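Text of start_35.txt, listed as compact mmCIF, C-alpha atoms:
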```txt
# COMPACT_ATOMS: atom_id res chain seq x y z
CA MET A 1 47.90 -59.77 -6.58
CA THR A 2 44.80 -61.71 -7.52
CA SER A 3 41.56 -59.85 -8.13
CA ASP A 4 38.52 -60.35 -5.94
CA SER A 5 36.67 -62.23 -8.66
CA ASN A 6 39.53 -64.64 -9.04
CA ARG A 7 39.76 -65.21 -5.31
CA THR A 8 36.02 -65.92 -5.20
CA ALA A 9 36.39 -68.31 -8.05
CA ILE A 10 39.16 -70.12 -6.30
CA ASP A 11 37.49 -70.18 -2.90
CA GLY A 12 33.97 -70.80 -3.99
CA ARG A 13 31.83 -72.96 -6.12
CA PRO A 14 32.86 -72.40 -9.74
CA LEU A 15 36.04 -74.40 -9.32
CA LEU A 16 34.09 -77.20 -7.69
CA ARG A 17 31.71 -77.27 -10.65
CA PHE A 18 34.61 -77.35 -13.07
CA PHE A 19 36.23 -80.19 -11.16
CA LEU A 20 33.01 -82.19 -11.24
CA ALA A 21 32.66 -81.55 -14.96
CA LEU A 22 36.21 -82.71 -15.55
CA ALA A 23 35.59 -85.79 -13.43
CA GLU A 24 32.65 -86.60 -15.69
CA GLY A 25 34.88 -86.42 -18.71
CA ARG A 26 34.05 -82.97 -20.00
CA ARG A 27 37.51 -81.84 -21.05
CA GLU A 28 36.41 -78.30 -21.86
CA ALA A 29 36.39 -77.70 -18.10
CA LEU A 30 40.18 -77.59 -18.25
CA GLY A 31 39.96 -74.30 -20.09
CA ASP A 32 37.59 -72.94 -17.47
CA ILE A 33 39.91 -73.99 -14.68
CA TYR A 34 42.84 -72.40 -16.46
CA ASP A 35 40.99 -69.12 -16.91
CA GLU A 36 40.04 -69.06 -13.26
CA CYS A 37 43.30 -69.83 -11.52
CA ALA A 38 46.26 -70.15 -13.90
CA GLU A 39 47.49 -66.72 -12.84
CA ASP A 40 47.64 -67.79 -9.21
CA LEU A 41 49.24 -71.11 -9.99
CA PHE A 42 51.81 -69.45 -12.23
CA GLY A 43 52.60 -66.86 -9.56
CA PHE A 44 53.01 -69.58 -6.96
CA ALA A 45 55.24 -71.62 -9.25
CA LEU A 46 57.25 -68.49 -10.06
CA PHE A 47 57.82 -67.79 -6.39
CA ARG A 48 58.81 -71.39 -5.82
CA THR A 49 61.14 -71.84 -8.80
CA GLY A 50 62.31 -68.27 -9.43
CA SER A 51 62.12 -68.84 -13.19
CA ARG A 52 59.37 -67.98 -15.66
CA GLN A 53 60.28 -70.92 -17.89
CA ASP A 54 60.13 -73.32 -14.99
CA ALA A 55 56.89 -71.81 -13.77
CA ALA A 56 55.35 -72.31 -17.23
CA ASP A 57 56.53 -75.94 -17.24
CA VAL A 58 55.08 -76.44 -13.80
CA VAL A 59 51.68 -75.08 -14.78
CA GLN A 60 51.66 -77.29 -17.86
CA GLU A 61 52.52 -80.32 -15.75
CA VAL A 62 49.74 -79.47 -13.29
CA PHE A 63 47.14 -79.40 -16.03
CA VAL A 64 48.44 -82.57 -17.63
CA ARG A 65 48.09 -84.34 -14.29
CA LEU A 66 44.70 -82.75 -13.80
CA ALA A 67 43.54 -84.07 -17.15
CA GLN A 68 44.71 -87.55 -16.16
CA ALA A 69 43.14 -87.46 -12.70
CA GLY A 70 39.80 -88.64 -13.98
CA ALA A 71 36.91 -89.53 -11.71
CA LYS A 72 38.79 -88.97 -8.45
CA LEU A 73 38.45 -85.22 -8.99
CA ALA A 74 34.84 -85.61 -7.90
CA GLU A 75 36.10 -86.36 -4.39
CA VAL A 76 38.07 -83.11 -4.07
CA ARG A 77 36.41 -80.81 -1.54
CA ASN A 78 38.88 -77.92 -1.79
CA PRO A 79 39.97 -77.44 -5.40
CA ARG A 80 42.06 -74.44 -4.56
CA SER A 81 44.27 -76.25 -2.07
CA TYR A 82 44.33 -79.24 -4.38
CA LEU A 83 45.69 -77.18 -7.25
CA LEU A 84 48.20 -75.36 -5.06
CA ALA A 85 49.45 -78.68 -3.68
CA MET A 86 49.78 -80.04 -7.22
CA THR A 87 51.75 -76.95 -8.17
CA HIS A 88 54.02 -77.40 -5.18
CA ARG A 89 54.68 -81.06 -6.04
CA ALA A 90 55.30 -80.30 -9.69
CA SER A 91 57.75 -77.55 -8.69
CA VAL A 92 59.63 -79.94 -6.42
CA ASP A 93 59.70 -82.61 -9.14
CA LEU A 94 61.02 -80.11 -11.65
CA ALA A 95 63.75 -78.98 -9.26
CA ARG A 96 64.81 -82.60 -8.77
CA ARG A 97 64.96 -83.30 -12.52
CA SER A 98 66.76 -80.13 -13.44
CA ARG A 99 69.61 -78.46 -11.61
CA ARG A 100 69.56 -75.57 -13.99
CA LEU A 101 70.61 -72.30 -12.48
CA VAL A 102 67.94 -69.64 -12.18
CA ALA A 103 67.97 -67.24 -15.10
CA LEU A 104 69.22 -63.90 -13.88
CA GLY A 105 66.83 -61.94 -16.06
CA ASP A 106 63.64 -63.43 -14.61
CA VAL A 107 61.38 -61.29 -12.47
CA ILE A 108 59.44 -62.87 -9.67
CA ALA A 109 57.38 -59.87 -8.62
CA GLU A 110 56.02 -57.08 -10.79
CA PRO A 111 54.96 -53.59 -9.70
CA VAL A 112 51.28 -53.10 -8.92
CA ALA A 113 51.32 -49.55 -10.24
CA ALA A 114 52.85 -48.46 -13.53
CA ASP A 115 54.74 -45.35 -12.45
CA ALA A 116 58.51 -45.19 -12.38
CA GLU A 117 58.77 -45.05 -8.60
CA SER A 118 56.66 -48.18 -8.23
CA ARG A 119 58.77 -49.97 -10.79
CA ALA A 120 61.94 -49.04 -8.92
CA GLU A 121 60.50 -50.21 -5.61
CA ALA A 122 59.29 -53.41 -7.21
CA ALA A 123 62.78 -54.11 -8.53
CA VAL A 124 64.16 -53.78 -5.00
CA VAL A 125 61.48 -56.08 -3.56
CA ASP A 126 62.02 -58.56 -6.37
CA ALA A 127 65.76 -58.68 -5.69
CA ALA A 128 65.09 -59.23 -1.99
CA LEU A 129 62.58 -61.99 -2.71
CA ARG A 130 65.10 -63.77 -4.90
CA ARG A 131 67.49 -63.89 -1.98
CA LEU A 132 65.05 -65.88 0.11
CA PRO A 133 65.30 -69.66 0.13
CA SER A 134 62.67 -71.10 -2.20
CA LYS A 135 60.79 -72.77 0.66
CA GLN A 136 60.47 -69.51 2.56
CA ARG A 137 59.53 -67.61 -0.56
CA GLU A 138 56.86 -70.19 -1.31
CA ALA A 139 55.47 -69.95 2.22
CA VAL A 140 55.42 -66.15 2.07
CA TYR A 141 53.50 -66.32 -1.20
CA LEU A 142 50.88 -68.66 0.21
CA ARG A 143 50.49 -66.57 3.34
CA HIS A 144 50.44 -63.14 1.75
CA TYR A 145 48.98 -63.62 -1.72
CA GLU A 146 46.71 -66.62 -1.14
CA GLY A 147 45.78 -65.79 2.44
CA LEU A 148 46.19 -69.35 3.61
CA THR A 149 46.44 -70.28 7.28
CA PHE A 150 49.60 -71.89 8.56
CA ALA A 151 47.80 -75.22 8.70
CA ALA A 152 46.67 -74.86 5.09
CA ILE A 153 50.18 -73.88 4.04
CA GLY A 154 51.44 -77.00 5.76
CA GLN A 155 48.91 -79.15 3.90
CA VAL A 156 49.82 -77.65 0.54
CA THR A 157 53.56 -77.99 1.02
CA GLY A 158 53.48 -81.26 2.92
CA VAL A 159 55.05 -80.05 6.17
CA PRO A 160 53.77 -79.68 9.73
CA THR A 161 51.93 -76.49 10.65
CA PHE A 162 54.76 -75.37 12.90
CA THR A 163 57.26 -75.72 10.08
CA ALA A 164 55.01 -73.75 7.73
CA ALA A 165 54.65 -70.99 10.32
CA SER A 166 58.43 -70.90 10.83
CA ARG A 167 59.06 -70.56 7.14
CA VAL A 168 56.64 -67.65 6.88
CA ARG A 169 58.08 -65.95 9.95
CA LEU A 170 61.70 -66.42 8.92
CA GLY A 171 60.96 -65.43 5.33
CA LEU A 172 59.27 -62.20 6.32
CA ARG A 173 61.97 -61.40 8.85
CA ARG A 174 64.68 -61.89 6.29
CA LEU A 175 62.73 -59.87 3.75
CA ARG A 176 62.37 -56.98 6.17
CA ARG A 177 66.07 -57.11 6.97
CA LEU A 178 66.99 -57.09 3.29
CA LEU A 179 64.67 -54.18 2.59
CA GLY A 180 65.65 -52.26 5.70
CA VAL A 181 62.08 -52.22 6.97
CA THR A 182 61.57 -51.96 10.70
CA PRO A 183 58.74 -54.07 12.18
CA MET B 184 54.51 -57.27 11.35
CA ASN B 185 55.12 -54.85 8.54
CA GLU B 186 54.37 -56.46 5.18
CA THR B 187 54.09 -53.22 3.23
CA PRO B 188 56.73 -54.02 0.63
CA LEU B 189 54.78 -57.06 -0.54
CA PHE B 190 51.70 -54.94 -1.19
CA LYS B 191 53.63 -52.92 -3.74
CA VAL B 192 54.31 -55.95 -5.94
CA ARG B 193 52.39 -58.86 -7.32
CA PRO B 194 53.63 -62.17 -8.67
CA GLY B 195 54.59 -62.27 -12.30
CA ARG B 196 51.80 -63.17 -14.71
CA PRO B 197 51.86 -66.01 -17.18
CA PRO B 198 52.43 -65.22 -20.85
CA ALA B 199 49.32 -65.19 -23.03
CA GLU B 200 50.56 -68.06 -25.19
CA LEU B 201 50.84 -70.37 -22.17
CA ARG B 202 47.12 -71.12 -22.28
CA ASP B 203 47.20 -72.82 -25.66
CA ARG B 204 50.39 -74.66 -24.79
CA VAL B 205 49.03 -75.96 -21.49
CA LEU B 206 45.63 -76.97 -22.84
CA GLY B 207 47.27 -78.58 -25.84
CA ALA B 208 49.53 -80.63 -23.60
CA ALA B 209 46.63 -81.65 -21.41
CA ALA B 210 44.55 -82.65 -24.42
CA GLY B 211 46.21 -85.99 -24.90
CA PRO B 212 49.26 -88.05 -25.82
CA ALA B 213 49.54 -86.44 -29.22
CA ALA B 214 50.17 -83.06 -27.64
CA PRO B 215 53.75 -81.94 -27.09
CA ALA B 216 55.14 -82.68 -23.65
CA ALA B 217 56.81 -80.15 -21.40
CA ARG B 218 60.23 -79.03 -22.48
CA ARG B 219 62.89 -81.58 -21.74
CA ARG B 220 66.08 -79.91 -20.90
CA TRP B 221 69.53 -81.36 -20.73
CA THR B 222 70.64 -81.90 -17.19
CA GLY B 223 74.20 -82.31 -16.03
CA PHE B 224 73.71 -86.06 -15.99
CA ASP B 225 72.53 -86.04 -19.61
CA LEU B 226 75.51 -83.97 -20.71
CA GLY B 227 77.96 -86.19 -18.84
CA LEU B 228 76.47 -89.33 -20.31
CA ALA B 229 76.55 -87.91 -23.82
CA ALA B 230 80.17 -86.80 -23.39
CA SER B 231 81.17 -90.23 -22.08
CA LEU B 232 79.52 -92.01 -24.99
CA LEU B 233 81.19 -89.68 -27.47
CA LEU B 234 84.57 -90.24 -25.86
CA LEU B 235 84.04 -94.00 -25.94
CA LEU B 236 83.14 -93.81 -29.61
CA LEU B 237 86.22 -91.75 -30.41
CA CYS B 238 88.50 -94.10 -28.48
CA HIS B 239 87.04 -97.08 -30.28
CA ALA B 240 87.57 -95.40 -33.64
CA ALA B 241 91.14 -94.47 -32.74
CA LEU B 242 92.00 -97.96 -31.54
CA SER B 243 90.64 -99.53 -34.69
CA LEU B 244 93.20 -97.53 -36.71
CA VAL B 245 96.17 -98.77 -34.66
CA PRO B 246 97.82 -101.92 -36.20
CA THR B 247 97.95 -104.75 -33.67
CA HIS B 248 100.95 -106.65 -35.25
CA THR B 249 103.66 -106.36 -37.95
CA GLY B 250 104.46 -108.73 -40.79
CA PRO B 251 102.25 -111.25 -42.40
CA GLU B 252 99.30 -112.70 -40.68
CA PRO B 253 100.47 -115.34 -38.20
CA VAL B 254 99.61 -118.86 -39.07
CA VAL B 255 97.76 -120.59 -36.37
CA ALA B 256 98.55 -124.25 -36.44
CA HIS B 257 95.57 -126.28 -35.59
CA ARG B 258 96.10 -129.73 -34.27
CA ALA B 259 94.78 -132.21 -36.75
CA ARG B 260 91.82 -133.79 -35.19
CA PRO B 261 91.31 -137.44 -36.01
CA GLU B 262 88.16 -138.25 -37.79
CA PRO B 263 85.71 -139.70 -35.40
CA SER B 264 85.82 -143.28 -36.60
CA VAL B 265 86.80 -146.80 -35.60
CA ASN B 266 90.48 -145.82 -35.81
CA ARG B 267 90.02 -143.40 -32.97
CA GLN B 268 88.66 -146.12 -30.74
CA LEU B 269 91.56 -148.42 -31.66
CA THR B 270 94.01 -145.59 -30.86
CA LEU B 271 92.46 -145.09 -27.46
CA ASP B 272 92.61 -148.81 -26.77
CA ALA B 273 96.26 -148.85 -27.70
CA GLU B 274 96.93 -146.00 -25.30
CA LEU B 275 95.13 -147.82 -22.56
CA VAL B 276 97.04 -150.99 -23.37
CA GLY B 277 100.20 -148.99 -23.26
CA ILE B 278 99.40 -147.74 -19.81
CA ARG B 279 98.60 -151.22 -18.67
CA LEU B 280 101.79 -152.47 -20.21
CA GLN B 281 103.70 -149.80 -18.39
CA ALA B 282 101.98 -150.78 -15.21
CA ALA B 283 102.86 -154.42 -15.88
CA GLU B 284 106.58 -153.76 -16.09
CA PRO B 285 108.45 -155.29 -13.18
CA ARG B 286 109.33 -152.90 -10.41
CA PRO B 287 112.92 -152.46 -9.34
CA PRO B 288 113.88 -154.72 -6.46
CA ARG B 289 113.32 -153.25 -3.07
CA ARG B 290 115.97 -152.96 -0.45
CA PRO B 291 115.83 -155.83 2.00
CA LEU B 292 113.95 -154.89 5.15
CA THR B 293 116.22 -155.54 8.11
CA LEU B 294 115.87 -154.58 11.76
CA GLU B 295 118.65 -152.10 11.32
CA THR B 296 116.79 -150.40 8.48
CA VAL B 297 113.61 -150.17 10.51
CA LEU B 298 115.40 -148.64 13.48
CA ARG B 299 117.16 -146.14 11.27
CA THR B 300 113.95 -144.93 9.58
CA THR B 301 111.85 -144.75 12.69
CA SER B 302 114.34 -143.01 14.96
```

Could I get this file's structure written as structure tokens?
Amino acid sequence: MTSDSNRTAIDGRPLLRFFLALAEGRREALGDIYDECAEDLFGFALFRTGSRQDAADVVQEVFVRLAQAGAKLAEVRNPRSYLLAMTHRASVDLARRSRRLVALGDVIAEPVAADAESRAEAAVVDAALRRLPSKQREAVYLRHYEGLTFAAIGQVTGVPTFTAASRVRLGLRRLRRLLGVTP
Amino acid sequence: MNETPLFKVRPGRPPAELRDRVLGAAAGPAAPAARRRWTGFDLGLAASLLLLLLCHAALSLVPTHTGPEPVVAHRARPEPSVNRQLTLDAELVGIRLQAAEPRPPRRPLTLETVLRTTS
């Protein structure tokens, strides 16, 4: 889960400043953007692709495209959504190019706490998450870990709001059923 | 809606070395691109090309005929010269001469013949 400082950075002004700097040609802003939100983008890509290698490739592709975006970055009003949408598109593009099966050893979700019980619970949740369709898993991530509205989820993933809401609802319902959790 | 299980986990974190790799790739064309993996299409294409190469090599080892090399007789072409023109003229004259030969006599055309052929 992202820390409060990271969430502020993503929601607030620092990202906007970095985007403007990058639009003006100051390439060092890429490092600042990475430090602020790479963890979120990687987590999102990991939920979408189910593979750490693919998630790393996706993040790299996002930053390559960001570096090539140039002056039009100055027009971006919501850098957070912009980056999440880029991550979504890069994940979809990667899935189209590569039909590689998901590596069985990859972990999508890690335990928050370090104790043995938390690790065991996390393994169960991770296994359940991997059984969700990638589109539902992606929607659940955006809703739960990024706190986006259904409309925002729809904008990031390129689907209508109703579809985004359905994916979240169905994903959570399936997750609860897999984990034996009663609503 | 009970979302408790999701609060116990967080998404996996990127490896530390990813930063240098990503920023290096974003730095410019000289930086290494993202990993290019072999897809099923790539493997199929490579296998097809290899098979084609092997078939070509195998076919080149198979003899196509026995015995000495066949002699291909080429028709002697006349030198393009005045003689060629004279030859052509003679052929044309020959055709004319053939055309000038008298035709065999026709059967006399009688009323009976006409009635027989038109009935």

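Distances from A:Ile108, A:Leu84, A:Ala116, A:Val125 to A:Val156 were compared using all atoms listed in the file, and the smallest one belongs to A:Leu84.
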
With only C-alpha atoms considered, list every residue of chain A at most 6 Å from chain B, as a VMD selection string. chain A and resid 1 39 43 57 60 63 to 64 67 98 108 to 112 122 183

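In terms of minimum interatomic distance to A:Ala95, A:Ala45 ranks closest within A:Val107, A:Leu148, A:Leu172, A:Ala45, counting only C-alpha atoms.
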
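As for atom CA of A:Leu16 and atom CA of A:Val92, they are spaced 25.7 Å apart.
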
Atom CA of A:Val58 to atom CA of A:Ala139, straight-line distance in Å: 17.3 Å

Find the distance between atom CA of A:Ser134 and atom CA of A:Asp40 and write it in Å to one decimal. 16.9 Å

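For A:Ala152, the list of residues within 12 Å, based on all atoms listed in the file and with local chain neighbours fewer than 2 positions off taken out, reads Asn78, Arg80, Ser81, Tyr82, Leu84, Ala85, Ala139, Leu142, Arg143, Glu146, Gly147, Leu148, Thr149, Phe150, Gly154, Gln155, Val156, Thr157, Gly158, Val159, Pro160, Thr161, Phe162, Thr163, Ala164 and Ala165 of chain A.
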
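The point (57.0, -68.9, -1.9) has these residues within 10 Å of it when all atoms listed in the file are used: Gly43, Phe44, Ala45, Leu46, Phe47, Arg48, Thr49, Gly50, His88, Leu129, Leu132, Pro133, Ser134, Lys135, Gln136, Arg137, Glu138, Ala139, Val140, Tyr141, Leu142, Arg143, His144, Tyr145, Arg167, Val168 and Gly171 of chain A.
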
Could you model all heavy atoms for stretch 39-50 of chain A and present them as a compact mmCIF listing (two decimals), keeping the file's coordinate frame?
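Everything below was put into part_11.txt:
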```
# COMPACT_ATOMS: atom_id res chain seq x y z
N GLU A 39 46.65 -67.84 -13.29
CA GLU A 39 47.49 -66.72 -12.84
C GLU A 39 48.04 -66.99 -11.45
O GLU A 39 49.23 -66.76 -11.17
CB GLU A 39 46.66 -65.44 -12.86
CG GLU A 39 47.50 -64.18 -12.73
CD GLU A 39 46.65 -62.94 -12.91
OE1 GLU A 39 45.96 -62.84 -13.94
OE2 GLU A 39 46.68 -62.08 -12.00
N ASP A 40 47.18 -67.49 -10.57
CA ASP A 40 47.64 -67.79 -9.21
C ASP A 40 48.64 -68.94 -9.21
O ASP A 40 49.65 -68.90 -8.50
CB ASP A 40 46.44 -68.15 -8.32
CG ASP A 40 45.59 -66.95 -8.01
OD1 ASP A 40 46.09 -65.82 -8.08
OD2 ASP A 40 44.39 -67.14 -7.71
N LEU A 41 48.35 -69.95 -9.97
CA LEU A 41 49.24 -71.11 -9.99
C LEU A 41 50.59 -70.72 -10.59
O LEU A 41 51.64 -71.16 -10.11
CB LEU A 41 48.61 -72.25 -10.81
CG LEU A 41 47.29 -72.80 -10.28
CD1 LEU A 41 46.83 -73.96 -11.14
CD2 LEU A 41 47.39 -73.21 -8.83
N PHE A 42 50.55 -69.89 -11.62
CA PHE A 42 51.81 -69.45 -12.23
C PHE A 42 52.62 -68.62 -11.24
O PHE A 42 53.83 -68.79 -11.11
CB PHE A 42 51.53 -68.64 -13.50
CG PHE A 42 52.77 -68.20 -14.22
CD1 PHE A 42 53.39 -69.04 -15.14
CD2 PHE A 42 53.32 -66.94 -13.99
CE1 PHE A 42 54.54 -68.62 -15.81
CE2 PHE A 42 54.46 -66.52 -14.65
CZ PHE A 42 55.07 -67.37 -15.56
N GLY A 43 51.92 -67.70 -10.54
CA GLY A 43 52.60 -66.86 -9.56
C GLY A 43 53.22 -67.70 -8.45
O GLY A 43 54.36 -67.46 -8.04
N PHE A 44 52.50 -68.70 -8.00
CA PHE A 44 53.01 -69.58 -6.96
C PHE A 44 54.23 -70.34 -7.46
O PHE A 44 55.26 -70.44 -6.79
CB PHE A 44 51.90 -70.54 -6.54
CG PHE A 44 52.29 -71.53 -5.47
CD1 PHE A 44 53.13 -71.16 -4.44
CD2 PHE A 44 51.80 -72.82 -5.50
CE1 PHE A 44 53.49 -72.07 -3.45
CE2 PHE A 44 52.15 -73.73 -4.51
CZ PHE A 44 53.00 -73.35 -3.48
N ALA A 45 54.12 -70.88 -8.67
CA ALA A 45 55.24 -71.62 -9.25
C ALA A 45 56.44 -70.70 -9.47
O ALA A 45 57.59 -71.11 -9.30
CB ALA A 45 54.81 -72.28 -10.56
N LEU A 46 56.17 -69.45 -9.84
CA LEU A 46 57.25 -68.49 -10.06
C LEU A 46 57.97 -68.18 -8.75
O LEU A 46 59.20 -68.10 -8.71
CB LEU A 46 56.67 -67.22 -10.67
CG LEU A 46 57.65 -66.13 -11.08
CD1 LEU A 46 58.67 -66.67 -12.07
CD2 LEU A 46 56.90 -64.95 -11.69
N PHE A 47 57.20 -68.03 -7.69
CA PHE A 47 57.82 -67.79 -6.39
C PHE A 47 58.62 -69.01 -5.95
O PHE A 47 59.67 -68.88 -5.32
CB PHE A 47 56.74 -67.46 -5.35
CG PHE A 47 56.54 -65.99 -5.12
CD1 PHE A 47 56.18 -65.15 -6.16
CD2 PHE A 47 56.74 -65.44 -3.87
CE1 PHE A 47 56.01 -63.79 -5.95
CE2 PHE A 47 56.57 -64.08 -3.65
CZ PHE A 47 56.20 -63.25 -4.69
N ARG A 48 58.14 -70.17 -6.28
CA ARG A 48 58.81 -71.39 -5.82
C ARG A 48 60.08 -71.65 -6.62
O ARG A 48 61.11 -72.01 -6.08
CB ARG A 48 57.85 -72.59 -5.95
CG ARG A 48 58.42 -73.93 -5.49
CD ARG A 48 58.73 -73.92 -4.01
NE ARG A 48 59.00 -75.23 -3.46
CZ ARG A 48 60.19 -75.80 -3.41
NH1 ARG A 48 61.23 -75.21 -3.93
NH2 ARG A 48 60.35 -77.00 -2.86
N THR A 49 60.01 -71.47 -7.94
CA THR A 49 61.14 -71.84 -8.80
C THR A 49 62.05 -70.66 -9.11
O THR A 49 63.23 -70.87 -9.41
CB THR A 49 60.64 -72.42 -10.13
OG1 THR A 49 59.90 -71.41 -10.84
CG2 THR A 49 59.74 -73.62 -9.89
N GLY A 50 61.51 -69.44 -9.09
CA GLY A 50 62.31 -68.27 -9.43
C GLY A 50 62.57 -68.11 -10.92
O GLY A 50 63.39 -67.30 -11.33
```
